[in-house]
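The structure file final30.txt is reproduced below (compact mmCIF, C-alpha atoms).
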```txt
# COMPACT_ATOMS: atom_id res chain seq x y z
CA MET A 1 -4.41 -113.94 -9.16
CA THR A 2 -4.27 -111.50 -12.06
CA THR A 3 -2.83 -108.02 -12.01
CA THR A 4 -3.05 -105.26 -14.59
CA THR A 5 0.31 -103.87 -15.68
CA ALA A 6 1.24 -101.26 -18.25
CA THR A 7 2.49 -102.13 -21.72
CA ALA A 8 5.24 -99.99 -23.23
CA THR A 9 4.60 -98.42 -26.62
CA ALA A 10 6.28 -95.72 -28.61
CA PRO A 11 5.55 -92.05 -27.67
CA PRO A 12 2.94 -90.46 -29.94
CA CYS A 13 3.50 -87.83 -32.56
CA VAL A 14 1.72 -84.66 -31.52
CA ALA A 15 2.68 -82.29 -34.32
CA HIS A 16 -0.87 -82.19 -35.62
CA LEU A 17 -2.35 -80.80 -32.39
CA VAL A 18 -3.13 -77.11 -31.90
CA SER A 19 -0.42 -74.93 -30.41
CA ARG A 20 -2.36 -74.32 -27.21
CA SER A 21 -2.27 -77.99 -26.38
CA THR A 22 1.22 -78.88 -27.57
CA ALA A 23 2.96 -78.18 -24.29
CA ARG A 24 0.65 -80.49 -22.38
CA LEU A 25 1.23 -83.37 -24.83
CA GLN A 26 5.01 -83.64 -24.39
CA HIS A 27 5.54 -86.95 -22.56
CA SER A 28 9.09 -86.66 -21.34
CA ARG A 29 10.70 -89.17 -19.06
CA ALA A 30 10.25 -86.69 -16.21
CA ALA A 31 6.58 -87.67 -15.96
CA LEU A 32 7.34 -91.35 -16.22
CA LEU A 33 9.96 -91.30 -13.47
CA LEU A 34 7.24 -90.45 -10.94
CA HIS A 35 5.85 -93.94 -11.31
CA GLN A 36 8.94 -96.04 -12.01
CA ASN A 37 10.29 -98.59 -9.57
CA ALA A 38 7.25 -98.28 -7.26
CA ALA A 39 6.75 -101.45 -5.23
CA PHE A 40 3.24 -102.02 -4.01
CA ARG A 41 1.29 -105.01 -2.83
CA THR A 42 -0.68 -106.82 -5.52
CA LYS A 43 -4.43 -106.58 -5.38
CA LYS A 44 -7.11 -108.56 -7.03
CA THR A 45 -8.10 -106.86 -10.27
CA THR A 46 -11.56 -105.32 -10.20
CA LYS A 47 -13.60 -104.56 -13.30
CA ASN A 48 -14.99 -101.04 -13.50
CA ASN A 49 -16.82 -98.84 -15.92
CA LEU A 50 -14.13 -96.26 -16.75
CA SER A 51 -15.71 -94.33 -19.59
CA SER A 52 -18.97 -92.71 -20.57
CA ARG A 53 -19.15 -95.24 -23.42
CA ASN A 54 -19.49 -98.11 -20.94
CA THR A 55 -16.15 -99.69 -21.82
CA SER A 56 -14.89 -102.12 -19.21
CA SER A 57 -11.47 -101.45 -17.71
CA THR A 58 -9.51 -102.18 -14.58
CA ILE A 59 -8.31 -100.27 -11.55
CA ALA A 60 -5.86 -102.14 -9.34
CA ALA A 61 -2.76 -101.50 -7.31
CA ALA A 62 0.23 -101.29 -9.64
CA LEU A 63 3.22 -103.58 -9.73
CA PRO A 64 6.66 -102.13 -10.51
CA PHE A 65 6.75 -101.21 -14.18
CA GLU A 66 8.39 -99.24 -16.96
CA LEU A 67 6.02 -97.17 -19.07
CA SER A 68 5.86 -95.19 -22.25
CA PRO A 69 2.46 -93.55 -22.86
CA PRO A 70 0.23 -95.04 -25.56
CA PRO A 71 -0.87 -92.98 -28.57
CA ILE A 72 -3.39 -90.21 -27.93
CA ASP A 73 -6.48 -89.85 -30.09
CA HIS A 74 -7.25 -86.33 -28.89
CA ASP A 75 -6.17 -83.82 -26.26
CA PHE A 76 -8.00 -83.42 -22.94
CA LEU A 77 -8.54 -79.67 -23.41
CA ASP A 78 -9.90 -80.23 -26.90
CA SER A 79 -12.31 -82.76 -25.42
CA VAL A 80 -13.72 -80.47 -22.72
CA THR A 81 -13.86 -77.53 -25.15
CA GLY A 82 -15.98 -79.67 -27.44
CA GLU A 83 -18.33 -80.25 -24.50
CA GLY A 84 -18.82 -76.51 -23.89
CA ALA A 85 -16.02 -75.50 -21.54
CA LYS A 86 -14.32 -72.15 -22.02
CA VAL A 87 -10.53 -72.51 -22.07
CA SER A 88 -8.10 -69.60 -21.93
CA GLU A 89 -5.13 -69.18 -24.25
CA GLU A 90 -2.94 -70.37 -21.38
CA GLY A 91 -4.81 -73.69 -21.30
CA ILE A 92 -6.81 -73.00 -18.13
CA ILE A 93 -10.44 -74.15 -18.01
CA GLU A 94 -12.23 -70.98 -16.93
CA THR A 95 -15.81 -72.23 -16.71
CA PHE A 96 -18.18 -74.99 -17.70
CA GLU A 97 -21.03 -72.42 -17.60
CA ASN A 98 -22.26 -74.12 -14.42
CA ASP A 99 -20.59 -72.15 -11.64
CA ASP A 100 -23.59 -72.06 -9.30
CA GLU A 101 -24.24 -75.79 -9.73
CA ALA A 102 -20.57 -76.59 -9.14
CA LEU A 103 -20.36 -74.44 -6.00
CA ASP A 104 -23.45 -76.16 -4.63
CA ALA A 105 -21.88 -79.56 -5.40
CA PHE A 106 -18.76 -78.55 -3.46
CA ASP A 107 -20.98 -78.08 -0.39
CA ASN A 108 -23.41 -80.96 -0.90
CA GLY A 109 -22.00 -83.38 -3.47
CA VAL A 110 -18.70 -83.71 -5.28
CA VAL A 111 -16.81 -81.59 -7.80
CA VAL A 112 -13.79 -82.29 -9.98
CA MET A 113 -11.35 -79.51 -10.90
CA ASP A 114 -8.58 -79.54 -13.50
CA LEU A 115 -5.61 -77.96 -11.72
CA SER A 116 -3.07 -78.95 -14.35
CA HIS A 117 -1.95 -75.32 -14.62
CA PHE A 118 -0.59 -75.55 -11.06
CA GLY A 119 3.14 -76.20 -10.96
CA ARG A 120 4.56 -79.65 -10.22
CA LEU A 121 8.17 -80.26 -9.24
CA ARG A 122 9.85 -83.64 -8.89
CA VAL A 123 12.65 -83.53 -6.32
CA SER A 124 14.89 -86.61 -6.48
CA GLY A 125 18.33 -87.74 -5.31
CA ASP A 126 19.62 -89.30 -2.10
CA ASP A 127 19.61 -85.97 -0.24
CA ARG A 128 16.10 -84.86 -1.30
CA ILE A 129 14.45 -85.29 2.13
CA GLN A 130 17.11 -83.41 4.05
CA PHE A 131 17.19 -80.72 1.36
CA LEU A 132 13.42 -80.02 1.56
CA HIS A 133 13.56 -80.36 5.34
CA ASN A 134 16.02 -77.44 5.39
CA GLN A 135 14.33 -75.33 2.73
CA THR A 136 10.71 -75.39 3.91
CA THR A 137 8.74 -75.25 7.16
CA ALA A 138 7.48 -78.86 7.46
CA ASN A 139 9.21 -81.79 9.12
CA PHE A 140 10.06 -83.98 6.11
CA GLU A 141 12.35 -86.25 8.10
CA CYS A 142 9.40 -87.64 10.06
CA LEU A 143 7.60 -88.69 6.86
CA SER A 144 8.01 -91.96 4.97
CA GLU A 145 7.04 -93.29 1.55
CA GLY A 146 3.33 -92.94 0.83
CA GLN A 147 2.84 -90.06 3.26
CA GLY A 148 2.51 -86.34 2.56
CA CYS A 149 2.00 -82.89 4.02
CA GLU A 150 1.61 -79.22 3.33
CA THR A 151 4.72 -77.09 3.70
CA VAL A 152 5.52 -73.42 3.17
CA PHE A 153 8.34 -71.75 1.27
CA VAL A 154 9.39 -68.63 3.16
CA THR A 155 12.10 -66.00 3.01
CA PRO A 156 14.87 -65.91 5.65
CA THR A 157 12.66 -63.47 7.59
CA ALA A 158 9.67 -65.89 7.39
CA ARG A 159 7.76 -63.86 4.82
CA THR A 160 5.51 -66.13 2.79
CA ILE A 161 6.21 -67.24 -0.78
CA ASP A 162 3.83 -70.17 -1.33
CA ILE A 163 2.17 -73.23 0.19
CA ALA A 164 3.26 -76.54 -1.34
CA TYR A 165 1.34 -79.82 -1.34
CA ALA A 166 3.96 -82.60 -0.98
CA TRP A 167 3.85 -86.35 -1.66
CA ILE A 168 6.67 -88.63 -0.49
CA MET A 169 7.30 -91.34 -3.10
CA LYS A 170 9.83 -94.17 -3.33
CA LYS A 171 12.37 -92.33 -5.47
CA ALA A 172 11.22 -88.70 -5.29
CA VAL A 173 9.10 -86.04 -3.62
CA LEU A 174 6.34 -84.38 -5.64
CA LEU A 175 5.61 -80.72 -4.88
CA VAL A 176 2.44 -79.02 -6.14
CA LEU A 177 2.79 -75.23 -6.25
CA SER A 178 0.78 -72.21 -7.36
CA PRO A 179 1.17 -71.31 -11.06
CA GLU A 180 2.63 -67.91 -10.18
CA THR A 181 5.49 -69.24 -8.04
CA CYS A 182 6.65 -72.49 -9.64
CA GLY A 183 9.35 -70.92 -11.81
CA ASN A 184 10.76 -68.70 -9.08
CA ILE A 185 10.78 -71.50 -6.51
CA THR A 186 12.54 -73.82 -8.95
CA GLU A 187 15.20 -71.18 -9.53
CA MET A 188 15.51 -70.51 -5.79
CA LEU A 189 15.91 -74.19 -4.90
CA ASN A 190 18.53 -74.75 -7.58
CA LYS A 191 20.61 -71.95 -6.06
CA TYR A 192 20.74 -73.87 -2.78
CA ILE A 193 21.96 -77.12 -4.33
CA PHE A 194 25.70 -77.30 -3.71
CA PHE A 195 28.28 -79.38 -5.54
CA ALA A 196 28.21 -82.33 -3.15
CA ASP A 197 24.39 -82.37 -2.76
CA LYS A 198 22.64 -85.31 -4.37
CA VAL A 199 19.48 -83.44 -5.33
CA GLU A 200 17.82 -82.98 -8.71
CA ILE A 201 14.79 -80.78 -9.43
CA GLN A 202 12.62 -81.29 -12.48
CA ASP A 203 9.61 -79.24 -13.52
CA ILE A 204 7.11 -81.85 -14.74
CA THR A 205 4.12 -79.51 -15.03
CA LYS A 206 3.83 -79.87 -18.81
CA GLN A 207 4.32 -83.63 -18.74
CA THR A 208 1.52 -84.40 -16.26
CA CYS A 209 -2.10 -83.57 -15.48
CA PHE A 210 -3.52 -82.91 -12.02
CA PHE A 211 -7.15 -83.14 -10.90
CA ALA A 212 -8.75 -82.35 -7.54
CA LEU A 213 -11.88 -84.09 -6.26
CA SER A 214 -13.70 -82.29 -3.44
CA GLY A 215 -16.99 -82.33 -1.56
CA PRO A 216 -18.75 -84.48 1.05
CA LYS A 217 -19.44 -87.27 -1.47
CA SER A 218 -15.84 -87.57 -2.66
CA SER A 219 -15.30 -90.75 -0.67
CA GLU A 220 -18.32 -92.37 -2.33
CA VAL A 221 -16.78 -91.73 -5.74
CA MET A 222 -13.51 -93.31 -4.66
CA ALA A 223 -15.31 -96.32 -3.25
CA ASN A 224 -17.27 -96.73 -6.50
CA LEU A 225 -13.94 -96.82 -8.33
CA ASN A 226 -12.65 -99.54 -5.96
CA LEU A 227 -10.17 -97.05 -4.51
CA GLY A 228 -11.74 -97.19 -1.07
CA ASP A 229 -8.46 -98.21 0.56
CA VAL A 230 -7.34 -94.54 0.54
CA VAL A 231 -10.58 -93.31 2.12
CA GLY A 232 -10.07 -92.34 5.73
CA GLN A 233 -6.27 -92.25 5.45
CA PRO A 234 -4.31 -89.25 6.81
CA TYR A 235 -3.97 -86.09 4.76
CA GLY A 236 -1.25 -86.45 2.13
CA THR A 237 -1.37 -90.26 1.95
CA ASN A 238 -0.61 -91.20 -1.67
CA ARG A 239 -0.79 -94.49 -3.56
CA HIS A 240 -0.24 -95.60 -7.15
CA TYR A 241 -2.88 -97.34 -9.26
CA ASN A 242 -3.14 -98.68 -12.78
CA VAL A 243 -5.98 -97.26 -14.87
CA ASN A 244 -6.47 -98.58 -18.40
CA GLY A 245 -2.84 -99.68 -18.37
CA MET A 246 -1.64 -96.21 -17.35
CA PRO A 247 -0.37 -95.05 -13.92
CA VAL A 248 -2.45 -92.70 -11.78
CA THR A 249 -1.37 -91.54 -8.34
CA VAL A 250 -4.14 -90.72 -5.85
CA GLY A 251 -3.55 -88.57 -2.77
CA VAL A 252 -5.78 -87.87 0.22
CA GLY A 253 -6.91 -84.25 0.47
CA ASN A 254 -6.37 -81.48 -2.02
CA ILE A 255 -5.09 -77.95 -2.28
CA ILE A 256 -8.25 -76.35 -0.93
CA SER A 257 -9.73 -78.93 1.42
CA ASP A 258 -8.95 -81.94 3.60
CA GLU A 259 -12.23 -83.44 2.38
CA GLY A 260 -11.34 -84.82 -1.03
CA PHE A 261 -8.59 -86.33 -3.15
CA SER A 262 -5.96 -85.38 -5.73
CA LEU A 263 -5.07 -87.34 -8.86
CA LEU A 264 -1.81 -87.16 -10.83
CA MET A 265 -1.55 -88.76 -14.26
CA SER A 266 -0.04 -88.50 -17.71
CA PRO A 267 -1.94 -86.46 -20.33
CA ALA A 268 -2.68 -89.78 -22.07
CA ALA A 269 -4.85 -90.84 -19.12
CA ALA A 270 -6.49 -87.48 -18.42
CA ASP A 271 -9.52 -87.67 -20.70
CA SER A 272 -10.45 -91.20 -19.60
CA VAL A 273 -10.06 -90.39 -15.89
CA TRP A 274 -12.03 -87.14 -16.24
CA LYS A 275 -14.96 -88.84 -17.98
CA THR A 276 -14.93 -91.61 -15.41
CA LEU A 277 -15.22 -89.13 -12.53
CA LEU A 278 -18.09 -87.37 -14.29
CA SER A 279 -19.84 -90.71 -14.83
CA LYS A 280 -19.64 -91.31 -11.07
CA GLY A 281 -21.47 -88.07 -10.31
CA ALA A 282 -18.71 -85.46 -10.06
CA ILE A 283 -19.64 -81.98 -11.30
CA PRO A 284 -16.92 -80.15 -13.27
CA LEU A 285 -15.73 -76.86 -11.79
CA GLY A 286 -13.72 -74.21 -13.66
CA SER A 287 -11.10 -71.73 -12.48
CA ASN A 288 -13.59 -68.87 -12.06
CA ALA A 289 -15.58 -70.85 -9.51
CA TRP A 290 -12.32 -72.14 -8.03
CA GLU A 291 -11.26 -68.58 -7.20
CA LYS A 292 -14.58 -67.99 -5.43
CA LEU A 293 -13.97 -71.17 -3.43
CA ARG A 294 -10.41 -70.17 -2.61
CA ILE A 295 -11.56 -66.91 -1.10
CA THR A 296 -14.66 -68.18 0.72
CA GLN A 297 -12.69 -71.17 2.06
CA GLY A 298 -9.89 -68.84 3.15
CA ARG A 299 -6.91 -70.37 1.38
CA PRO A 300 -4.12 -67.74 1.06
CA ALA A 301 -2.71 -67.16 -2.44
CA PRO A 302 0.64 -65.79 -3.66
CA GLY A 303 0.58 -62.11 -4.55
CA LYS A 304 -2.52 -61.60 -2.40
CA GLU A 305 -2.29 -63.06 1.10
CA LEU A 306 1.16 -64.60 0.63
CA THR A 307 3.50 -61.66 0.05
CA ASN A 308 6.57 -60.03 1.51
CA ASP A 309 4.24 -57.93 3.69
CA PHE A 310 3.05 -60.84 5.83
CA ASN A 311 4.79 -63.65 7.67
CA VAL A 312 3.75 -67.29 7.74
CA LEU A 313 2.18 -67.07 11.23
CA GLU A 314 0.09 -64.03 10.32
CA ALA A 315 -1.18 -66.09 7.36
CA GLY A 316 -2.26 -68.71 9.92
CA LEU A 317 -0.42 -71.65 8.32
CA TRP A 318 0.30 -73.44 11.62
CA ASN A 319 -0.25 -76.98 10.35
CA SER A 320 2.57 -76.55 7.84
CA ILE A 321 5.17 -75.48 10.40
CA SER A 322 7.45 -77.50 12.66
CA LEU A 323 9.64 -76.04 15.38
CA ASN A 324 10.74 -79.47 16.54
CA LYS A 325 13.35 -80.01 13.86
CA GLY A 326 16.79 -78.75 12.91
CA CYS A 327 17.62 -75.39 11.40
CA TYR A 328 15.61 -74.31 8.36
CA LYS A 329 15.05 -71.12 6.45
CA GLY A 330 12.98 -68.66 8.49
CA GLN A 331 13.16 -70.71 11.70
CA GLU A 332 14.79 -68.03 13.83
CA THR A 333 12.11 -65.45 13.01
CA ILE A 334 9.27 -67.94 13.50
CA SER A 335 10.63 -69.08 16.87
CA ARG A 336 11.03 -65.51 18.06
CA LEU A 337 7.50 -64.58 17.00
CA ILE A 338 6.04 -67.49 18.97
CA THR A 339 8.28 -67.11 22.01
CA TYR A 340 7.53 -63.42 22.45
CA ASP A 341 3.92 -63.53 21.19
CA GLY A 342 4.96 -61.32 18.30
CA VAL A 343 2.17 -62.11 15.84
CA LYS A 344 0.42 -58.74 15.57
CA GLN A 345 -2.20 -59.44 12.89
CA ARG A 346 -4.01 -62.38 11.35
CA LEU A 347 -6.00 -63.30 8.25
CA TRP A 348 -9.81 -63.25 8.44
CA GLY A 349 -12.83 -63.68 6.20
CA ILE A 350 -15.08 -60.62 5.90
CA HIS A 351 -18.73 -60.48 4.80
CA LEU A 352 -19.22 -57.14 3.02
CA SER A 353 -22.22 -54.93 2.40
CA ALA A 354 -20.97 -53.97 -1.08
CA PRO A 355 -18.14 -54.71 -3.54
CA ALA A 356 -14.65 -53.66 -2.44
CA GLU A 357 -11.23 -53.42 -4.05
CA PRO A 358 -8.29 -55.48 -2.77
CA GLY A 359 -5.86 -53.13 -1.08
CA SER A 360 -8.66 -51.11 0.55
CA PRO A 361 -7.95 -50.12 4.17
CA ILE A 362 -9.85 -51.76 7.02
CA THR A 363 -10.72 -49.43 9.86
CA VAL A 364 -12.28 -49.56 13.32
CA ASN A 365 -13.48 -46.34 14.95
CA GLY A 366 -11.74 -44.37 12.23
CA LYS A 367 -8.34 -46.01 12.83
CA LYS A 368 -6.68 -48.19 10.18
CA VAL A 369 -6.29 -51.74 11.49
CA GLY A 370 -5.73 -53.80 8.36
CA LYS A 371 -5.93 -54.30 4.61
CA LEU A 372 -8.23 -56.19 2.23
CA THR A 373 -6.35 -58.78 0.14
CA SER A 374 -8.95 -60.65 -1.95
CA TYR A 375 -12.58 -60.06 -2.96
CA THR A 376 -15.29 -62.10 -4.69
CA THR A 377 -19.01 -61.96 -5.26
CA GLY A 378 -21.14 -64.61 -3.61
CA ARG A 379 -23.57 -66.99 -5.24
CA LYS A 380 -26.17 -64.23 -5.10
CA GLU A 381 -25.45 -60.83 -6.61
CA CYS A 382 -26.07 -59.23 -3.24
CA ASP A 383 -23.41 -61.37 -1.51
CA HIS A 384 -19.89 -60.03 -1.18
CA PHE A 385 -16.99 -61.73 0.54
CA ALA A 386 -13.33 -60.90 1.11
CA LEU A 387 -10.14 -61.87 2.89
CA GLY A 388 -8.04 -59.38 4.81
CA TYR A 389 -5.41 -58.97 7.48
CA ILE A 390 -6.57 -57.31 10.72
CA LYS A 391 -4.58 -56.42 13.83
CA ARG A 392 -5.17 -58.98 16.56
CA LYS A 393 -6.48 -56.59 19.20
CA ALA A 394 -8.63 -54.58 16.79
CA ALA A 395 -11.28 -57.13 15.80
CA SER A 396 -12.18 -60.79 15.94
CA ASP A 397 -14.93 -63.18 14.86
CA GLY A 398 -18.32 -61.42 14.68
CA ASP A 399 -16.98 -57.86 15.00
CA THR A 400 -17.86 -55.05 12.61
CA VAL A 401 -15.25 -53.18 10.57
CA ILE A 402 -15.32 -50.56 7.83
CA VAL A 403 -13.67 -51.31 4.48
CA GLY A 404 -12.69 -48.34 2.35
CA GLU A 405 -14.81 -45.28 3.12
CA LYS A 406 -18.15 -46.77 4.10
CA ILE A 407 -18.48 -50.47 3.27
CA ILE A 408 -19.61 -52.39 6.33
CA GLY A 409 -17.86 -55.68 7.01
CA THR A 410 -18.44 -58.50 9.47
CA VAL A 411 -15.37 -60.46 10.50
CA VAL A 412 -15.77 -64.26 10.23
CA ASP A 413 -13.59 -67.33 10.47
CA VAL A 414 -13.05 -69.36 7.29
CA PRO A 415 -12.78 -73.17 6.90
CA PHE A 416 -9.17 -73.45 5.68
CA LEU A 417 -7.81 -71.30 8.50
CA SER A 418 -10.10 -72.75 11.17
CA ARG A 419 -8.49 -76.17 10.57
CA GLN A 420 -5.08 -74.81 11.52
CA SER A 421 -3.77 -75.69 14.99
CA PRO A 422 -1.69 -73.02 16.76
CA PRO A 423 0.36 -74.14 19.77
CA PRO A 424 -1.95 -74.51 22.79
CA VAL A 425 0.35 -72.67 25.18
CA LYS A 426 3.12 -70.12 24.86
CA ASN A 427 6.61 -71.43 24.09
CA SER A 428 5.37 -74.75 22.61
CA GLY A 429 5.96 -75.67 19.00
CA PRO A 430 3.34 -76.01 16.28
CA ARG A 431 1.89 -79.37 15.40
CA LEU A 432 4.14 -81.65 13.39
CA ASN A 433 3.00 -82.62 9.91
```
Any chance you could put this one into structure tokens?
Amino acid sequence: MTTTTATATAPPCVAHLVSRSTARLQHSRAALLLHQNAAFRTKKTTKNNLSSRNTSSTIAAALPFELSPPPIDHDFLDSVTGEGAKVSEEGIIETFENDDEALDAFDNGVVVMDLSHFGRLRVSGDDRIQFLHNQTTANFECLSEGQGCETVFVTPTARTIDIAYAWIMKKAVLLVLSPETCGNITEMLNKYIFFADKVEIQDITKQTCFFALSGPKSSEVMANLNLGDVVGQPYGTNRHYNVNGMPVTVGVGNIISDEGFSLLMSPAAADSVWKTLLSKGAIPLGSNAWEKLRITQGRPAPGKELTNDFNVLEAGLWNSISLNKGCYKGQETISRLITYDGVKQRLWGIHLSAPAEPGSPITVNGKKVGKLTSYTTGRKECDHFALGYIKRKAASDGDTVIVGEKIIGTVVDVPFLSRQSPPPVKNSGPRLN
């Protein structure tokens, strides 16, 4: 039986690369620690076509290994820019000039998104599980290696800060956060680490790349890559693989949808993995189309739906909350809201008759009942869609509201929020992750 393992080489010199890409080419040991000392069962090596140039390479379950990334011929962002993508000065792929095609593939095929600008924290140390268990809403103590969940960072009064996508690994927990909140959350968590706590937090955003695969044909792509063993596994399940001698971690689900996968890798592997996914039929999707998806799918975002004005239950994030665990930040407020049915408003999708500005009031019969938080155009110029908070007793699915002075809106449920599971009866706790 043969197994592909990584071969250590010296880190590359990256001084010749453009300044925009430099940050993403720093391969510190923080990135490598994610994959060190992982013990997984050996699988039979399977040959696969892993590049658009028809080079043969191998994907197989990884053995424990030590790794230093191999030299890089070119940067991933330089590669996609050369193929027509528009990249911002911050290193975010804005569009591939195919937004309509990509949005259609999200519904009917498969898309791949570069979410490397999202924050990634590595939380390590013997007390890491208990620490995150106390600092966020999910039940981390019920999770084991290879599992994962979504959890929410909240204030002591249960106001929302951000949703985190968490993977439990052998030596650490990986947290994926919104770009806007990563720095503040890192600072906040460090303030809660006391002298005796065995917890270390590392920001590995610049030392890793992160892709999301989504759409009804995502599982077919994984099967074609001989990664079918993760298909059908629970949300958050994560496993390590060896691709071209470099580690790639694959997780079930992604930031925007349960139907798909997430991939974490070093920048050295990014270009090869990206081209492989495209060769298997994935359509690239940029951040402009991503924002349309976020709004139409109903995923709350920091600074818009996740602010100090709204609590975690009003945002509808029930699947990320556990009441059946010990004390954690925001627990008292959350318990009281559920016990006394104190959730007074909730987040909805709204089909609009015309464009509207976020912050616009939502009214029913001339009375203000809510506020618009996000807006996007649809795939047709005449389509307009928004997210907004509306008082529970004022409107529900299918009802008509007025946005601003005269824009007509129809209240609708949205996929991300419709997958949430509130407690079935009063005084019972939300579903455990």
For the contact check between range 306-373 of chain A and range 386-391 of chain A, emit one row per residue of range 306-373 of chain A within 10 Å, containing the shortest atom pair and the distance in Å rounded to one decimal, counting all atoms listed in the file, chain then rising number order, as JSON lines.
```
{"residue": "A:Phe310", "atom": "CA", "partner": "A:Tyr389", "partner_atom": "CA", "distance": 8.8}
{"residue": "A:Glu314", "atom": "CA", "partner": "A:Tyr389", "partner_atom": "CA", "distance": 8.0}
{"residue": "A:Ala315", "atom": "CA", "partner": "A:Tyr389", "partner_atom": "CA", "distance": 8.3}
{"residue": "A:Val343", "atom": "CA", "partner": "A:Lys391", "partner_atom": "CA", "distance": 9.1}
{"residue": "A:Lys344", "atom": "CA", "partner": "A:Lys391", "partner_atom": "CA", "distance": 5.8}
{"residue": "A:Gln345", "atom": "CA", "partner": "A:Lys391", "partner_atom": "CA", "distance": 4.0}
{"residue": "A:Arg346", "atom": "CA", "partner": "A:Tyr389", "partner_atom": "CA", "distance": 5.3}
{"residue": "A:Leu347", "atom": "CA", "partner": "A:Tyr389", "partner_atom": "CA", "distance": 4.4}
{"residue": "A:Trp348", "atom": "CA", "partner": "A:Gly388", "partner_atom": "CA", "distance": 5.6}
{"residue": "A:Gly349", "atom": "CA", "partner": "A:Leu387", "partner_atom": "CA", "distance": 4.6}
{"residue": "A:Ile350", "atom": "CA", "partner": "A:Ala386", "partner_atom": "CA", "distance": 5.1}
{"residue": "A:His351", "atom": "CA", "partner": "A:Ala386", "partner_atom": "CA", "distance": 6.6}
{"residue": "A:Leu352", "atom": "CA", "partner": "A:Ala386", "partner_atom": "CA", "distance": 7.2}
{"residue": "A:Pro355", "atom": "CA", "partner": "A:Ala386", "partner_atom": "CA", "distance": 9.1}
{"residue": "A:Ala356", "atom": "CA", "partner": "A:Ala386", "partner_atom": "CA", "distance": 8.2}
{"residue": "A:Glu357", "atom": "CA", "partner": "A:Ala386", "partner_atom": "CA", "distance": 9.3}
{"residue": "A:Pro358", "atom": "CA", "partner": "A:Ala386", "partner_atom": "CA", "distance": 8.4}
{"residue": "A:Gly359", "atom": "CA", "partner": "A:Gly388", "partner_atom": "CA", "distance": 8.9}
{"residue": "A:Ser360", "atom": "CA", "partner": "A:Gly388", "partner_atom": "CA", "distance": 9.3}
{"residue": "A:Pro361", "atom": "CA", "partner": "A:Gly388", "partner_atom": "CA", "distance": 9.3}
{"residue": "A:Ile362", "atom": "CA", "partner": "A:Ile390", "partner_atom": "CA", "distance": 7.4}
{"residue": "A:Thr363", "atom": "CA", "partner": "A:Ile390", "partner_atom": "CA", "distance": 8.9}
{"residue": "A:Val364", "atom": "CA", "partner": "A:Ile390", "partner_atom": "CA", "distance": 10.0}
{"residue": "A:Lys368", "atom": "CA", "partner": "A:Ile390", "partner_atom": "CA", "distance": 9.1}
{"residue": "A:Val369", "atom": "CA", "partner": "A:Lys391", "partner_atom": "CA", "distance": 5.5}
{"residue": "A:Gly370", "atom": "CA", "partner": "A:Ile390", "partner_atom": "CA", "distance": 4.3}
{"residue": "A:Lys371", "atom": "CA", "partner": "A:Gly388", "partner_atom": "CA", "distance": 5.5}
{"residue": "A:Leu372", "atom": "CA", "partner": "A:Gly388", "partner_atom": "CA", "distance": 4.1}
{"residue": "A:Thr373", "atom": "CA", "partner": "A:Gly388", "partner_atom": "CA", "distance": 5.0}
```
Point (-10.2, -73.2, -9.4) neighbourhood (12 Å, only C-alpha atoms) written as a PyMOL selection string = chain A and resi 92-96+99+102-103+106+111-118+178-179+211-214+254-256+284-295+297+299+301
Dump C-alpha atoms for the selected residues as a compact mmCIF listing (two decimals), in the frame of the given file?
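Final output, saved to part-v3.txt:
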```txt
# COMPACT_ATOMS: atom_id res chain seq x y z
CA ILE A 92 -6.81 -73.00 -18.13
CA ILE A 93 -10.44 -74.15 -18.01
CA GLU A 94 -12.23 -70.98 -16.93
CA THR A 95 -15.81 -72.23 -16.71
CA PHE A 96 -18.18 -74.99 -17.70
CA ASP A 99 -20.59 -72.15 -11.64
CA ALA A 102 -20.57 -76.59 -9.14
CA LEU A 103 -20.36 -74.44 -6.00
CA PHE A 106 -18.76 -78.55 -3.46
CA VAL A 111 -16.81 -81.59 -7.80
CA VAL A 112 -13.79 -82.29 -9.98
CA MET A 113 -11.35 -79.51 -10.90
CA ASP A 114 -8.58 -79.54 -13.50
CA LEU A 115 -5.61 -77.96 -11.72
CA SER A 116 -3.07 -78.95 -14.35
CA HIS A 117 -1.95 -75.32 -14.62
CA PHE A 118 -0.59 -75.55 -11.06
CA SER A 178 0.78 -72.21 -7.36
CA PRO A 179 1.17 -71.31 -11.06
CA PHE A 211 -7.15 -83.14 -10.90
CA ALA A 212 -8.75 -82.35 -7.54
CA LEU A 213 -11.88 -84.09 -6.26
CA SER A 214 -13.70 -82.29 -3.44
CA ASN A 254 -6.37 -81.48 -2.02
CA ILE A 255 -5.09 -77.95 -2.28
CA ILE A 256 -8.25 -76.35 -0.93
CA PRO A 284 -16.92 -80.15 -13.27
CA LEU A 285 -15.73 -76.86 -11.79
CA GLY A 286 -13.72 -74.21 -13.66
CA SER A 287 -11.10 -71.73 -12.48
CA ASN A 288 -13.59 -68.87 -12.06
CA ALA A 289 -15.58 -70.85 -9.51
CA TRP A 290 -12.32 -72.14 -8.03
CA GLU A 291 -11.26 -68.58 -7.20
CA LYS A 292 -14.58 -67.99 -5.43
CA LEU A 293 -13.97 -71.17 -3.43
CA ARG A 294 -10.41 -70.17 -2.61
CA ILE A 295 -11.56 -66.91 -1.10
CA GLN A 297 -12.69 -71.17 2.06
CA ARG A 299 -6.91 -70.37 1.38
CA ALA A 301 -2.71 -67.16 -2.44
```
From the list A:Val154, A:Ile163, A:Val411, A:Leu132, which residue is nearest Thr333 in chain A when using only C-alpha atoms?
->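 Answer, going by the shortest atom-to-atom distance: A:Val154.
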